[in-house]
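This is upload_37.cif (mmCIF, C-alpha atoms).
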data_protein
loop_
_atom_site.group_PDB
_atom_site.id
_atom_site.type_symbol
_atom_site.label_atom_id
_atom_site.label_comp_id
_atom_site.auth_asym_id
_atom_site.auth_seq_id
_atom_site.Cartn_x
_atom_site.Cartn_y
_atom_site.Cartn_z
ATOM 1 C CA MET A 1 -83.652 0.048 -20.885
ATOM 2 C CA ALA A 2 -81.365 -2.993 -21.235
ATOM 3 C CA SER A 3 -83.020 -6.200 -22.427
ATOM 4 C CA ALA A 4 -83.148 -9.195 -20.091
ATOM 5 C CA LEU A 5 -80.432 -11.812 -20.432
ATOM 6 C CA PRO A 6 -81.591 -14.707 -22.680
ATOM 7 C CA LEU A 7 -81.997 -18.122 -21.065
ATOM 8 C CA ASN A 8 -80.339 -20.107 -23.860
ATOM 9 C CA ILE A 9 -76.695 -19.523 -22.838
ATOM 10 C CA ASN A 10 -75.218 -22.970 -22.227
ATOM 11 C CA ILE A 11 -73.288 -22.526 -18.983
ATOM 12 C CA LYS A 12 -73.122 -26.293 -18.490
ATOM 13 C CA GLU A 13 -70.245 -26.152 -20.947
ATOM 14 C CA PRO A 14 -67.133 -23.904 -20.909
ATOM 15 C CA ARG A 15 -67.275 -20.548 -22.693
ATOM 16 C CA TRP A 16 -64.604 -21.558 -25.208
ATOM 17 C CA ASP A 17 -64.608 -24.406 -27.746
ATOM 18 C CA GLN A 18 -63.323 -27.482 -25.928
ATOM 19 C CA GLY A 19 -62.623 -29.235 -29.217
ATOM 20 C CA THR A 20 -59.446 -27.151 -29.600
ATOM 21 C CA PHE A 21 -56.360 -26.906 -27.424
ATOM 22 C CA MET A 22 -56.549 -23.101 -27.341
ATOM 23 C CA GLY A 23 -60.188 -23.214 -26.254
ATOM 24 C CA ARG A 24 -59.342 -25.615 -23.420
ATOM 25 C CA ALA A 25 -56.317 -23.488 -22.455
ATOM 26 C CA MET A 26 -58.476 -20.344 -22.174
ATOM 27 C CA HIS A 27 -60.939 -22.306 -20.028
ATOM 28 C CA PHE A 28 -58.249 -23.584 -17.654
ATOM 29 C CA PHE A 29 -56.511 -20.219 -17.377
ATOM 30 C CA MET A 30 -59.804 -19.073 -15.833
ATOM 31 C CA VAL A 31 -60.316 -22.156 -13.632
ATOM 32 C CA THR A 32 -56.728 -22.204 -12.303
ATOM 33 C CA ASP A 33 -56.491 -18.432 -11.764
ATOM 34 C CA PRO A 34 -54.755 -18.176 -8.336
ATOM 35 C CA ARG A 35 -56.772 -15.039 -7.493
ATOM 36 C CA ASN A 36 -59.854 -17.267 -7.082
ATOM 37 C CA VAL A 37 -58.333 -18.621 -3.849
ATOM 38 C CA LEU A 38 -58.765 -15.159 -2.296
ATOM 39 C CA LEU A 39 -62.506 -14.952 -2.994
ATOM 40 C CA SER A 40 -64.713 -14.744 0.083
ATOM 41 C CA SER A 41 -67.382 -17.290 1.015
ATOM 42 C CA GLU A 42 -70.019 -14.644 0.245
ATOM 43 C CA THR A 43 -68.644 -14.189 -3.301
ATOM 44 C CA LEU A 44 -68.616 -17.962 -3.865
ATOM 45 C CA GLU A 45 -72.169 -18.352 -2.571
ATOM 46 C CA ASP A 46 -73.355 -15.448 -4.737
ATOM 47 C CA ALA A 47 -71.775 -17.105 -7.796
ATOM 48 C CA ARG A 48 -73.405 -20.423 -6.883
ATOM 49 C CA ARG A 49 -76.836 -18.813 -6.549
ATOM 50 C CA THR A 50 -76.402 -16.945 -9.839
ATOM 51 C CA VAL A 51 -75.452 -20.126 -11.714
ATOM 52 C CA GLU A 52 -78.059 -22.402 -10.128
ATOM 53 C CA ASN A 53 -80.837 -19.831 -10.530
ATOM 54 C CA TYR A 54 -79.940 -19.257 -14.183
ATOM 55 C CA ARG A 55 -80.171 -23.008 -14.799
ATOM 56 C CA LEU A 56 -83.675 -22.848 -13.307
ATOM 57 C CA GLY A 57 -84.597 -19.941 -15.581
ATOM 58 C CA ILE A 58 -84.280 -17.245 -12.902
ATOM 59 C CA VAL A 59 -82.163 -14.271 -13.961
ATOM 60 C CA LYS A 60 -80.958 -11.668 -11.470
ATOM 61 C CA PRO A 61 -82.103 -8.181 -12.632
ATOM 62 C CA GLY A 62 -79.346 -6.356 -14.507
ATOM 63 C CA LEU A 63 -77.184 -9.468 -14.935
ATOM 64 C CA THR A 64 -74.989 -9.258 -18.053
ATOM 65 C CA GLU A 65 -73.599 -12.163 -20.079
ATOM 66 C CA ASP A 66 -70.032 -11.389 -18.968
ATOM 67 C CA GLU A 67 -71.147 -11.363 -15.318
ATOM 68 C CA LEU A 68 -72.901 -14.697 -15.827
ATOM 69 C CA TRP A 69 -69.750 -16.271 -17.289
ATOM 70 C CA ARG A 70 -67.640 -14.798 -14.501
ATOM 71 C CA ALA A 71 -70.035 -16.336 -11.938
ATOM 72 C CA LYS A 72 -69.843 -19.675 -13.775
ATOM 73 C CA TYR A 73 -66.032 -19.715 -13.591
ATOM 74 C CA VAL A 74 -65.993 -18.669 -9.934
ATOM 75 C CA TYR A 75 -68.495 -21.492 -9.296
ATOM 76 C CA ASP A 76 -66.411 -24.009 -11.287
ATOM 77 C CA SER A 77 -63.260 -23.055 -9.398
ATOM 78 C CA ALA A 78 -64.766 -23.832 -5.984
ATOM 79 C CA PHE A 79 -67.533 -26.448 -6.410
ATOM 80 C CA HIS A 80 -67.146 -30.070 -7.532
ATOM 81 C CA PRO A 81 -68.664 -30.646 -11.014
ATOM 82 C CA ASP A 82 -70.294 -33.972 -10.061
ATOM 83 C CA THR A 83 -71.282 -33.572 -6.405
ATOM 84 C CA GLY A 84 -71.808 -29.795 -6.279
ATOM 85 C CA GLU A 85 -69.985 -29.703 -2.915
ATOM 86 C CA LYS A 86 -67.649 -26.836 -2.045
ATOM 87 C CA MET A 87 -64.127 -28.190 -2.473
ATOM 88 C CA ILE A 88 -61.347 -28.025 0.133
ATOM 89 C CA LEU A 89 -59.500 -24.734 -0.391
ATOM 90 C CA ILE A 90 -55.995 -26.138 -0.968
ATOM 91 C CA GLY A 91 -57.430 -28.911 -3.164
ATOM 92 C CA ARG A 92 -58.927 -26.512 -5.708
ATOM 93 C CA MET A 93 -57.131 -26.071 -9.027
ATOM 94 C CA ALA A 94 -56.884 -22.346 -8.262
ATOM 95 C CA ALA A 95 -54.584 -23.248 -5.346
ATOM 96 C CA GLN A 96 -52.226 -25.302 -7.536
ATOM 97 C CA VAL A 97 -49.856 -22.451 -8.397
ATOM 98 C CA PRO A 98 -49.360 -20.921 -4.908
ATOM 99 C CA MET A 99 -49.175 -24.323 -3.184
ATOM 100 C CA ASN A 100 -47.008 -26.067 -5.765
ATOM 101 C CA MET A 101 -44.615 -23.162 -6.209
ATOM 102 C CA THR A 102 -43.875 -23.237 -2.479
ATOM 103 C CA ILE A 103 -43.579 -27.017 -2.129
ATOM 104 C CA THR A 104 -41.731 -27.600 -5.415
ATOM 105 C CA GLY A 105 -39.403 -24.663 -4.771
ATOM 106 C CA CYS A 106 -38.475 -26.161 -1.404
ATOM 107 C CA MET A 107 -38.033 -29.668 -2.865
ATOM 108 C CA LEU A 108 -35.612 -28.250 -5.436
ATOM 109 C CA THR A 109 -33.771 -26.175 -2.833
ATOM 110 C CA PHE A 110 -33.482 -28.703 0.004
ATOM 111 C CA TYR A 111 -32.537 -31.876 -1.861
ATOM 112 C CA ARG A 112 -29.029 -32.475 -0.533
ATOM 113 C CA THR A 113 -29.772 -34.183 2.817
ATOM 114 C CA THR A 114 -31.845 -37.310 3.469
ATOM 115 C CA PRO A 115 -34.084 -35.753 6.194
ATOM 116 C CA ALA A 116 -34.893 -32.823 3.875
ATOM 117 C CA VAL A 117 -35.738 -35.169 0.985
ATOM 118 C CA VAL A 118 -38.041 -37.265 3.186
ATOM 119 C CA PHE A 119 -39.738 -34.215 4.739
ATOM 120 C CA TRP A 120 -40.506 -32.386 1.485
ATOM 121 C CA GLN A 121 -41.615 -35.520 -0.367
ATOM 122 C CA TRP A 122 -43.981 -36.214 2.550
ATOM 123 C CA ILE A 123 -45.319 -32.636 2.410
ATOM 124 C CA ASN A 124 -45.763 -32.893 -1.368
ATOM 125 C CA GLN A 125 -47.614 -36.203 -1.224
ATOM 126 C CA SER A 126 -49.834 -34.963 1.605
ATOM 127 C CA PHE A 127 -50.800 -32.044 -0.620
ATOM 128 C CA ASN A 128 -51.266 -34.319 -3.660
ATOM 129 C CA ALA A 129 -53.540 -36.611 -1.642
ATOM 130 C CA VAL A 130 -55.811 -33.644 -0.858
ATOM 131 C CA VAL A 131 -55.791 -32.508 -4.521
ATOM 132 C CA ASN A 132 -56.499 -35.988 -5.916
ATOM 133 C CA TYR A 133 -59.347 -36.568 -3.474
ATOM 134 C CA THR A 134 -60.832 -33.120 -4.102
ATOM 135 C CA ASN A 135 -60.701 -33.439 -7.910
ATOM 136 C CA ARG A 136 -61.792 -37.059 -8.230
ATOM 137 C CA SER A 137 -64.312 -37.982 -10.916
ATOM 138 C CA GLY A 138 -67.829 -39.121 -10.073
ATOM 139 C CA ASP A 139 -70.038 -38.723 -7.045
ATOM 140 C CA ALA A 140 -69.200 -41.911 -5.121
ATOM 141 C CA PRO A 141 -67.611 -41.522 -1.672
ATOM 142 C CA ILE A 142 -64.118 -42.832 -0.921
ATOM 143 C CA THR A 143 -63.461 -44.607 2.377
ATOM 144 C CA VAL A 144 -60.893 -43.604 5.007
ATOM 145 C CA ASN A 145 -59.055 -46.917 4.412
ATOM 146 C CA GLN A 146 -58.774 -46.196 0.679
ATOM 147 C CA LEU A 147 -57.528 -42.680 1.402
ATOM 148 C CA GLY A 148 -54.953 -43.992 3.861
ATOM 149 C CA ALA A 149 -53.697 -46.728 1.499
ATOM 150 C CA ALA A 150 -53.287 -44.255 -1.378
ATOM 151 C CA TYR A 151 -51.510 -41.734 0.813
ATOM 152 C CA ILE A 152 -49.075 -44.232 2.360
ATOM 153 C CA SER A 153 -48.348 -45.927 -0.993
ATOM 154 C CA ALA A 154 -47.634 -42.678 -2.837
ATOM 155 C CA THR A 155 -45.532 -41.199 -0.033
ATOM 156 C CA THR A 156 -43.498 -44.398 0.304
ATOM 157 C CA GLY A 157 -43.021 -44.608 -3.475
ATOM 158 C CA ALA A 158 -41.886 -40.987 -3.720
ATOM 159 C CA VAL A 159 -39.439 -41.232 -0.812
ATOM 160 C CA ILE A 160 -37.931 -44.547 -2.017
ATOM 161 C CA THR A 161 -37.527 -43.140 -5.548
ATOM 162 C CA ALA A 162 -35.991 -39.899 -4.297
ATOM 163 C CA LEU A 163 -33.553 -41.592 -1.889
ATOM 164 C CA GLY A 164 -32.641 -44.299 -4.397
ATOM 165 C CA LEU A 165 -31.862 -41.800 -7.154
ATOM 166 C CA LYS A 166 -30.075 -39.518 -4.679
ATOM 167 C CA SER A 167 -27.653 -42.330 -3.802
ATOM 168 C CA LEU A 168 -27.130 -43.138 -7.495
ATOM 169 C CA THR A 169 -26.271 -39.523 -8.381
ATOM 170 C CA LYS A 170 -23.683 -38.967 -5.614
ATOM 171 C CA HIS A 171 -20.776 -39.329 -8.027
ATOM 172 C CA LEU A 172 -22.451 -37.536 -10.942
ATOM 173 C CA PRO A 173 -22.381 -33.786 -11.729
ATOM 174 C CA PRO A 174 -24.443 -31.674 -9.256
ATOM 175 C CA ILE A 175 -26.920 -30.650 -11.978
ATOM 176 C CA ILE A 176 -28.059 -34.303 -12.249
ATOM 177 C CA GLY A 177 -28.884 -34.401 -8.533
ATOM 178 C CA ARG A 178 -31.185 -31.416 -8.975
ATOM 179 C CA PHE A 179 -33.514 -33.525 -11.149
ATOM 180 C CA VAL A 180 -34.045 -36.213 -8.485
ATOM 181 C CA PRO A 181 -37.163 -34.448 -7.041
ATOM 182 C CA PHE A 182 -38.808 -34.484 -10.499
ATOM 183 C CA ALA A 183 -38.262 -38.224 -10.918
ATOM 184 C CA ALA A 184 -39.719 -38.802 -7.453
ATOM 185 C CA VAL A 185 -42.772 -36.646 -8.190
ATOM 186 C CA ALA A 186 -43.386 -38.408 -11.536
ATOM 187 C CA ALA A 187 -43.175 -41.827 -9.852
ATOM 188 C CA ALA A 188 -45.463 -40.723 -7.023
ATOM 189 C CA ASN A 189 -48.080 -39.403 -9.454
ATOM 190 C CA CYS A 190 -48.183 -42.811 -11.145
ATOM 191 C CA ILE A 191 -48.928 -44.361 -7.729
ATOM 192 C CA ASN A 192 -50.979 -41.692 -5.938
ATOM 193 C CA ILE A 193 -53.611 -40.890 -8.553
ATOM 194 C CA PRO A 194 -54.669 -44.500 -9.363
ATOM 195 C CA PHE A 195 -54.668 -45.394 -5.640
ATOM 196 C CA MET A 196 -56.667 -42.313 -4.660
ATOM 197 C CA ARG A 197 -59.181 -43.114 -7.394
ATOM 198 C CA GLN A 198 -59.142 -46.891 -6.983
ATOM 199 C CA ARG A 199 -62.869 -46.980 -6.307
ATOM 200 C CA GLU A 200 -63.431 -45.651 -9.840
ATOM 201 C CA LEU A 201 -61.177 -48.383 -11.246
ATOM 202 C CA LYS A 202 -63.208 -51.036 -9.399
ATOM 203 C CA LEU A 203 -66.757 -49.714 -9.817
ATOM 204 C CA GLY A 204 -66.457 -47.272 -12.740
ATOM 205 C CA ILE A 205 -67.314 -43.610 -13.291
ATOM 206 C CA PRO A 206 -70.629 -42.217 -14.566
ATOM 207 C CA VAL A 207 -70.911 -42.045 -18.366
ATOM 208 C CA MET A 208 -73.541 -39.912 -20.098
ATOM 209 C CA ASP A 209 -74.964 -39.286 -23.531
ATOM 210 C CA GLU A 210 -74.652 -35.953 -25.335
ATOM 211 C CA GLU A 211 -77.689 -34.589 -23.492
ATOM 212 C CA GLY A 212 -76.175 -35.397 -20.092
ATOM 213 C CA ARG A 213 -78.400 -38.417 -19.327
ATOM 214 C CA ARG A 214 -76.593 -40.944 -17.152
ATOM 215 C CA LEU A 215 -76.222 -44.293 -18.926
ATOM 216 C CA GLY A 216 -74.242 -46.283 -16.367
ATOM 217 C CA GLU A 217 -70.761 -46.622 -14.830
ATOM 218 C CA SER A 218 -67.677 -47.676 -16.746
ATOM 219 C CA THR A 219 -64.307 -48.931 -15.494
ATOM 220 C CA THR A 220 -62.899 -48.590 -19.018
ATOM 221 C CA ALA A 221 -63.721 -44.885 -18.988
ATOM 222 C CA ALA A 222 -62.168 -44.645 -15.507
ATOM 223 C CA ARG A 223 -58.885 -46.107 -16.766
ATOM 224 C CA GLN A 224 -58.774 -43.632 -19.651
ATOM 225 C CA ALA A 225 -59.631 -40.723 -17.343
ATOM 226 C CA ILE A 226 -56.955 -41.620 -14.783
ATOM 227 C CA ALA A 227 -54.269 -42.184 -17.440
ATOM 228 C CA GLN A 228 -54.977 -38.733 -18.894
ATOM 229 C CA VAL A 229 -54.783 -37.105 -15.459
ATOM 230 C CA VAL A 230 -51.443 -38.819 -14.697
ATOM 231 C CA VAL A 231 -49.987 -37.537 -17.999
ATOM 232 C CA SER A 232 -51.289 -34.008 -17.317
ATOM 233 C CA ARG A 233 -49.890 -33.939 -13.756
ATOM 234 C CA ILE A 234 -46.450 -35.136 -14.857
ATOM 235 C CA GLY A 235 -46.560 -32.572 -17.671
ATOM 236 C CA MET A 236 -47.333 -29.822 -15.128
ATOM 237 C CA ALA A 237 -44.228 -30.782 -13.163
ATOM 238 C CA VAL A 238 -41.830 -30.831 -16.143
ATOM 239 C CA PRO A 239 -41.281 -27.057 -16.664
ATOM 240 C CA ALA A 240 -41.377 -26.236 -12.941
ATOM 241 C CA MET A 241 -38.898 -28.974 -12.016
ATOM 242 C CA ALA A 242 -36.685 -28.963 -15.126
ATOM 243 C CA ILE A 243 -36.151 -25.266 -15.952
ATOM 244 C CA PRO A 244 -35.403 -23.755 -12.469
ATOM 245 C CA PRO A 245 -32.622 -26.299 -11.662
ATOM 246 C CA VAL A 246 -30.731 -25.300 -14.818
ATOM 247 C CA ILE A 247 -31.112 -21.581 -14.038
ATOM 248 C CA MET A 248 -30.234 -22.026 -10.349
ATOM 249 C CA ASN A 249 -27.180 -24.110 -11.213
ATOM 250 C CA ALA A 250 -25.867 -21.128 -13.207
ATOM 251 C CA LEU A 251 -26.956 -18.486 -10.666
ATOM 252 C CA GLU A 252 -25.319 -20.205 -7.691
ATOM 253 C CA LYS A 253 -21.924 -19.764 -9.349
ATOM 254 C CA ARG A 254 -22.373 -15.991 -9.357
ATOM 255 C CA ALA A 255 -20.720 -13.910 -6.648
ATOM 256 C CA PHE A 256 -24.034 -12.246 -5.743
ATOM 257 C CA MET A 257 -25.731 -15.545 -4.859
ATOM 258 C CA LYS A 258 -22.645 -16.705 -2.967
ATOM 259 C CA ARG A 259 -22.770 -13.522 -0.876
ATOM 260 C CA PHE A 260 -26.504 -13.914 -0.160
ATOM 261 C CA PRO A 261 -27.264 -17.673 -0.062
ATOM 262 C CA VAL A 262 -30.485 -16.892 1.821
ATOM 263 C CA LEU A 263 -31.910 -15.794 -1.549
ATOM 264 C CA ASN A 264 -31.642 -19.333 -2.929
ATOM 265 C CA ALA A 265 -35.060 -20.539 -1.712
ATOM 266 C CA PRO A 266 -37.105 -17.402 -2.622
ATOM 267 C CA VAL A 267 -35.532 -17.178 -6.097
ATOM 268 C CA GLN A 268 -36.194 -20.875 -6.670
ATOM 269 C CA VAL A 269 -39.820 -20.532 -5.493
ATOM 270 C CA GLY A 270 -40.311 -17.503 -7.759
ATOM 271 C CA LEU A 271 -38.944 -19.343 -10.815
ATOM 272 C CA VAL A 272 -41.157 -22.351 -10.090
ATOM 273 C CA GLY A 273 -44.191 -20.071 -9.687
ATOM 274 C CA LEU A 274 -43.504 -18.405 -13.042
ATOM 275 C CA CYS A 275 -43.361 -21.808 -14.748
ATOM 276 C CA LEU A 276 -46.511 -23.085 -12.996
ATOM 277 C CA VAL A 277 -48.631 -20.055 -13.928
ATOM 278 C CA PHE A 278 -48.431 -21.289 -17.526
ATOM 279 C CA ALA A 279 -47.776 -25.027 -17.117
ATOM 280 C CA THR A 280 -50.816 -25.692 -14.886
ATOM 281 C CA PRO A 281 -53.567 -24.491 -17.285
ATOM 282 C CA LEU A 282 -51.732 -25.626 -20.429
ATOM 283 C CA CYS A 283 -51.243 -29.178 -19.116
ATOM 284 C CA CYS A 284 -54.823 -29.337 -17.807
ATOM 285 C CA ALA A 285 -55.795 -28.465 -21.398
ATOM 286 C CA LEU A 286 -53.961 -31.440 -22.931
ATOM 287 C CA PHE A 287 -57.212 -33.451 -22.741
ATOM 288 C CA PRO A 288 -60.851 -32.279 -22.668
ATOM 289 C CA GLN A 289 -62.348 -32.110 -19.156
ATOM 290 C CA LYS A 290 -65.451 -33.748 -20.592
ATOM 291 C CA SER A 291 -63.766 -36.768 -22.156
ATOM 292 C CA SER A 292 -65.479 -39.087 -24.576
ATOM 293 C CA MET A 293 -65.310 -42.698 -25.686
ATOM 294 C CA LYS A 294 -67.064 -44.758 -28.353
ATOM 295 C CA VAL A 295 -69.736 -47.083 -27.017
ATOM 296 C CA THR A 296 -67.973 -49.963 -28.798
ATOM 297 C CA SER A 297 -64.904 -49.388 -26.579
ATOM 298 C CA LEU A 298 -66.859 -49.871 -23.334
ATOM 299 C CA GLU A 299 -67.333 -53.100 -21.365
ATOM 300 C CA PRO A 300 -69.600 -55.590 -23.220
ATOM 301 C CA GLU A 301 -72.281 -55.574 -20.490
ATOM 302 C CA LEU A 302 -72.453 -51.761 -20.516
ATOM 303 C CA GLN A 303 -72.598 -51.751 -24.320
ATOM 304 C CA ALA A 304 -75.610 -54.058 -24.135
ATOM 305 C CA GLN A 305 -77.240 -51.853 -21.482
ATOM 306 C CA ILE A 306 -76.759 -48.716 -23.607
ATOM 307 C CA ARG A 307 -78.006 -50.403 -26.801
ATOM 308 C CA GLU A 308 -81.186 -51.289 -24.925
ATOM 309 C CA SER A 309 -81.795 -47.946 -23.182
ATOM 310 C CA SER A 310 -80.354 -45.557 -25.801
ATOM 311 C CA PRO A 311 -79.883 -47.389 -29.117
ATOM 312 C CA HIS A 312 -78.855 -44.293 -31.118
ATOM 313 C CA THR A 313 -75.991 -43.331 -28.797
ATOM 314 C CA GLN A 314 -72.604 -43.840 -30.482
ATOM 315 C CA LYS A 315 -70.395 -42.007 -27.985
ATOM 316 C CA VAL A 316 -70.459 -41.502 -24.225
ATOM 317 C CA TYR A 317 -69.049 -38.625 -22.173
ATOM 318 C CA PHE A 318 -67.553 -38.454 -18.680
ATOM 319 C CA ASN A 319 -65.741 -36.083 -16.355
ATOM 320 C CA LYS A 320 -62.093 -37.184 -16.323
ATOM 321 C CA GLY A 321 -61.306 -35.317 -13.116
ATOM 322 C CA LEU A 322 -58.237 -33.149 -12.636
#
Rewritten as structure tokens:
Amino acid sequence: MASALPLNINIKEPRWDQGTFMGRAMHFFMVTDPRNVLLSSETLEDARRTVENYRLGIVKPGLTEDELWRAKYVYDSAFHPDTGEKMILIGRMAAQVPMNMTITGCMLTFYRTTPAVVFWQWINQSFNAVVNYTNRSGDAPITVNQLGAAYISATTGAVITALGLKSLTKHLPPIIGRFVPFAAVAAANCINIPFMRQRELKLGIPVMDEEGRRLGESTTAARQAIAQVVVSRIGMAVPAMAIPPVIMNALEKRAFMKRFPVLNAPVQVGLVGLCLVFATPLCCALFPQKSSMKVTSLEPELQAQIRESSPHTQKVYFNKGL
């Protein structure tokens, strides 16, 4: 008879060592697995019950350690780490590859006319707004006005950047024009993410000690978290928006592609998807999900609060968001 699963498996943390890049990469390959998007509501609820019951010391009969970890990663892929709410489907990290490969592929394909540039930048920023809201840090609500301001600012910034660069590259080699969408996306990320998470910049995000006890809210931690997310998002876009244009520029000169121009978009989308399958988890892994900061780097008033309530704490931890 198989022995019962022990209750000391720490499923609050990822299965792999988050102190190393490879450990974080393995973790995010699981979290961003596009197949998780296809899981049914029943499967997600079963994973949630398995994880929450295990944390309460209740183990489903016959549950193995591998099954427990699988349930934990299914749970992590669909439920917000701070609020516990089920996340919007297209906002989940598991949806990044299928959604981004379609949108990015179309941005790289239809970049020659102004209406196409405006339309696909608008579609991309609408999607980014959903992702940034879904993967925000902390458990504080964001108002409709804040959402609207972030969305309009990022969309306007992306379109202005794209159209401005498009006009500047008219007399340059065609390959240069293919990189305009990347510049627009990078600029929009620098606008969209801070705007979408502006409440965190104003009021702070929860910081905890090593045991997970909440010590207060920090705007300094919020700034670090948001900066790391911006870098990761731009990094995700680099391979998908830099490699396919070079390949497509060469392919479009071939007789086969000239005979079947309808293949341009699907080939571009496929190349982008191939890049994103690897770029998404690897760029998420650039920084630990559970970021840390020395107490001495926090705001003076929060330092004083922590020294009073938890004098031995030297470092605080927080969810940086994705």
_Show me the residues close to (-32.8, -28.4, -3.6) - anything with an atom within 12 Å, counting only C-alpha atoms - and format the list as a PyMOL selection string._
chain A and resi 103-114+116-117+120-121+162+166+174-182+241+244-246+248-249+252+264-269
_Running the PyMOL selection byres ((chain A and resi 123) around 12) on this model by hand, what would come out? Give it as number ranges by chain._
A: 99-100, 102-104, 106-107, 116-122, 124-130, 151, 154-155, 158-159, 185
Would you output that residue set with C-alpha atoms, as a compact mmCIF listing (two decimals), keeping the file's coordinate frame?
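Ended up saving to out16.txt:
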# COMPACT_ATOMS: atom_id res chain seq x y z
CA MET A 99 -49.18 -24.32 -3.18
CA ASN A 100 -47.01 -26.07 -5.76
CA THR A 102 -43.88 -23.24 -2.48
CA ILE A 103 -43.58 -27.02 -2.13
CA THR A 104 -41.73 -27.60 -5.42
CA CYS A 106 -38.48 -26.16 -1.40
CA MET A 107 -38.03 -29.67 -2.86
CA ALA A 116 -34.89 -32.82 3.88
CA VAL A 117 -35.74 -35.17 0.98
CA VAL A 118 -38.04 -37.26 3.19
CA PHE A 119 -39.74 -34.22 4.74
CA TRP A 120 -40.51 -32.39 1.48
CA GLN A 121 -41.62 -35.52 -0.37
CA TRP A 122 -43.98 -36.21 2.55
CA ASN A 124 -45.76 -32.89 -1.37
CA GLN A 125 -47.61 -36.20 -1.22
CA SER A 126 -49.83 -34.96 1.60
CA PHE A 127 -50.80 -32.04 -0.62
CA ASN A 128 -51.27 -34.32 -3.66
CA ALA A 129 -53.54 -36.61 -1.64
CA VAL A 130 -55.81 -33.64 -0.86
CA TYR A 151 -51.51 -41.73 0.81
CA ALA A 154 -47.63 -42.68 -2.84
CA THR A 155 -45.53 -41.20 -0.03
CA ALA A 158 -41.89 -40.99 -3.72
CA VAL A 159 -39.44 -41.23 -0.81
CA VAL A 185 -42.77 -36.65 -8.19
_Residue neighbourhood A:Ser41, 12 Å, all atoms listed in the file, exclusion window fewer than 2 positions, as a list in words_ = Asn36, Val37, Leu38, Leu39, Thr43, Leu44, Glu45, Asp46, Ala47, Arg48, Val74, Tyr75, Ala78, Phe79, Lys86, Met87 and Leu89 of chain A
Write out, as a PDB file, in the frame of the given file, the residues just selected, with C-alpha atoms.
ATOM      1  CA  ASN A  36     -59.854 -17.267  -7.082  1.00  0.00           C
ATOM      2  CA  VAL A  37     -58.333 -18.621  -3.849  1.00  0.00           C
ATOM      3  CA  LEU A  38     -58.765 -15.159  -2.296  1.00  0.00           C
ATOM      4  CA  LEU A  39     -62.506 -14.952  -2.994  1.00  0.00           C
ATOM      5  CA  THR A  43     -68.644 -14.189  -3.301  1.00  0.00           C
ATOM      6  CA  LEU A  44     -68.616 -17.962  -3.865  1.00  0.00           C
ATOM      7  CA  GLU A  45     -72.169 -18.352  -2.571  1.00  0.00           C
ATOM      8  CA  ASP A  46     -73.355 -15.448  -4.737  1.00  0.00           C
ATOM      9  CA  ALA A  47     -71.775 -17.105  -7.796  1.00  0.00           C
ATOM     10  CA  ARG A  48     -73.405 -20.423  -6.883  1.00  0.00           C
ATOM     11  CA  VAL A  74     -65.993 -18.669  -9.934  1.00  0.00           C
ATOM     12  CA  TYR A  75     -68.495 -21.492  -9.296  1.00  0.00           C
ATOM     13  CA  ALA A  78     -64.766 -23.832  -5.984  1.00  0.00           C
ATOM     14  CA  PHE A  79     -67.533 -26.448  -6.410  1.00  0.00           C
ATOM     15  CA  LYS A  86     -67.649 -26.836  -2.045  1.00  0.00           C
ATOM     16  CA  MET A  87     -64.127 -28.190  -2.473  1.00  0.00           C
ATOM     17  CA  LEU A  89     -59.500 -24.734  -0.391  1.00  0.00           C
TER      18      LEU A  89
END
*asked:* Quick check, in Å to one decimal: how far apart do atom CA of A:Val231 and atom CA of A:Cys190 lie?
replied: 8.8 Å
_Within 12 Å of A:Ala4 using all atoms listed in the file, minus same-chain residues under 6 positions, as a list in words_ = Gly57, Ile58, Val59, Lys60, Pro61, Gly62, Leu63, Thr64 and Glu65 of chain A
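Each of A:Lys12, A:Lys290, A:Arg214, A:Arg233 was compared to A:Ser310 using all atoms listed in the file, and A:Arg214 turns out to be the nearest.
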Within 12 Å of (-78.8, -47.6, -25.1), in the coordinates the file gives, what residues turn up when you count all atoms listed in the file, written out as a PDB file with C-alpha atoms, keeping the file's coordinate frame?
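Output below, filename selection_39.pdb:
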ATOM      1  CA  VAL A 207     -70.911 -42.045 -18.366  1.00  0.00           C
ATOM      2  CA  MET A 208     -73.541 -39.912 -20.098  1.00  0.00           C
ATOM      3  CA  ASP A 209     -74.964 -39.286 -23.531  1.00  0.00           C
ATOM      4  CA  ARG A 213     -78.400 -38.417 -19.327  1.00  0.00           C
ATOM      5  CA  ARG A 214     -76.593 -40.944 -17.152  1.00  0.00           C
ATOM      6  CA  LEU A 215     -76.222 -44.293 -18.926  1.00  0.00           C
ATOM      7  CA  GLY A 216     -74.242 -46.283 -16.367  1.00  0.00           C
ATOM      8  CA  VAL A 295     -69.736 -47.083 -27.017  1.00  0.00           C
ATOM      9  CA  THR A 296     -67.973 -49.963 -28.798  1.00  0.00           C
ATOM     10  CA  GLU A 301     -72.281 -55.574 -20.490  1.00  0.00           C
ATOM     11  CA  LEU A 302     -72.453 -51.761 -20.516  1.00  0.00           C
ATOM     12  CA  GLN A 303     -72.598 -51.751 -24.320  1.00  0.00           C
ATOM     13  CA  ALA A 304     -75.610 -54.058 -24.135  1.00  0.00           C
ATOM     14  CA  GLN A 305     -77.240 -51.853 -21.482  1.00  0.00           C
ATOM     15  CA  ILE A 306     -76.759 -48.716 -23.607  1.00  0.00           C
ATOM     16  CA  ARG A 307     -78.006 -50.403 -26.801  1.00  0.00           C
ATOM     17  CA  GLU A 308     -81.186 -51.289 -24.925  1.00  0.00           C
ATOM     18  CA  SER A 309     -81.795 -47.946 -23.182  1.00  0.00           C
ATOM     19  CA  SER A 310     -80.354 -45.557 -25.801  1.00  0.00           C
ATOM     20  CA  PRO A 311     -79.883 -47.389 -29.117  1.00  0.00           C
ATOM     21  CA  HIS A 312     -78.855 -44.293 -31.118  1.00  0.00           C
ATOM     22  CA  THR A 313     -75.991 -43.331 -28.797  1.00  0.00           C
ATOM     23  CA  GLN A 314     -72.604 -43.840 -30.482  1.00  0.00           C
ATOM     24  CA  LYS A 315     -70.395 -42.007 -27.985  1.00  0.00           C
ATOM     25  CA  VAL A 316     -70.459 -41.502 -24.225  1.00  0.00           C
TER      26      VAL A 316
END
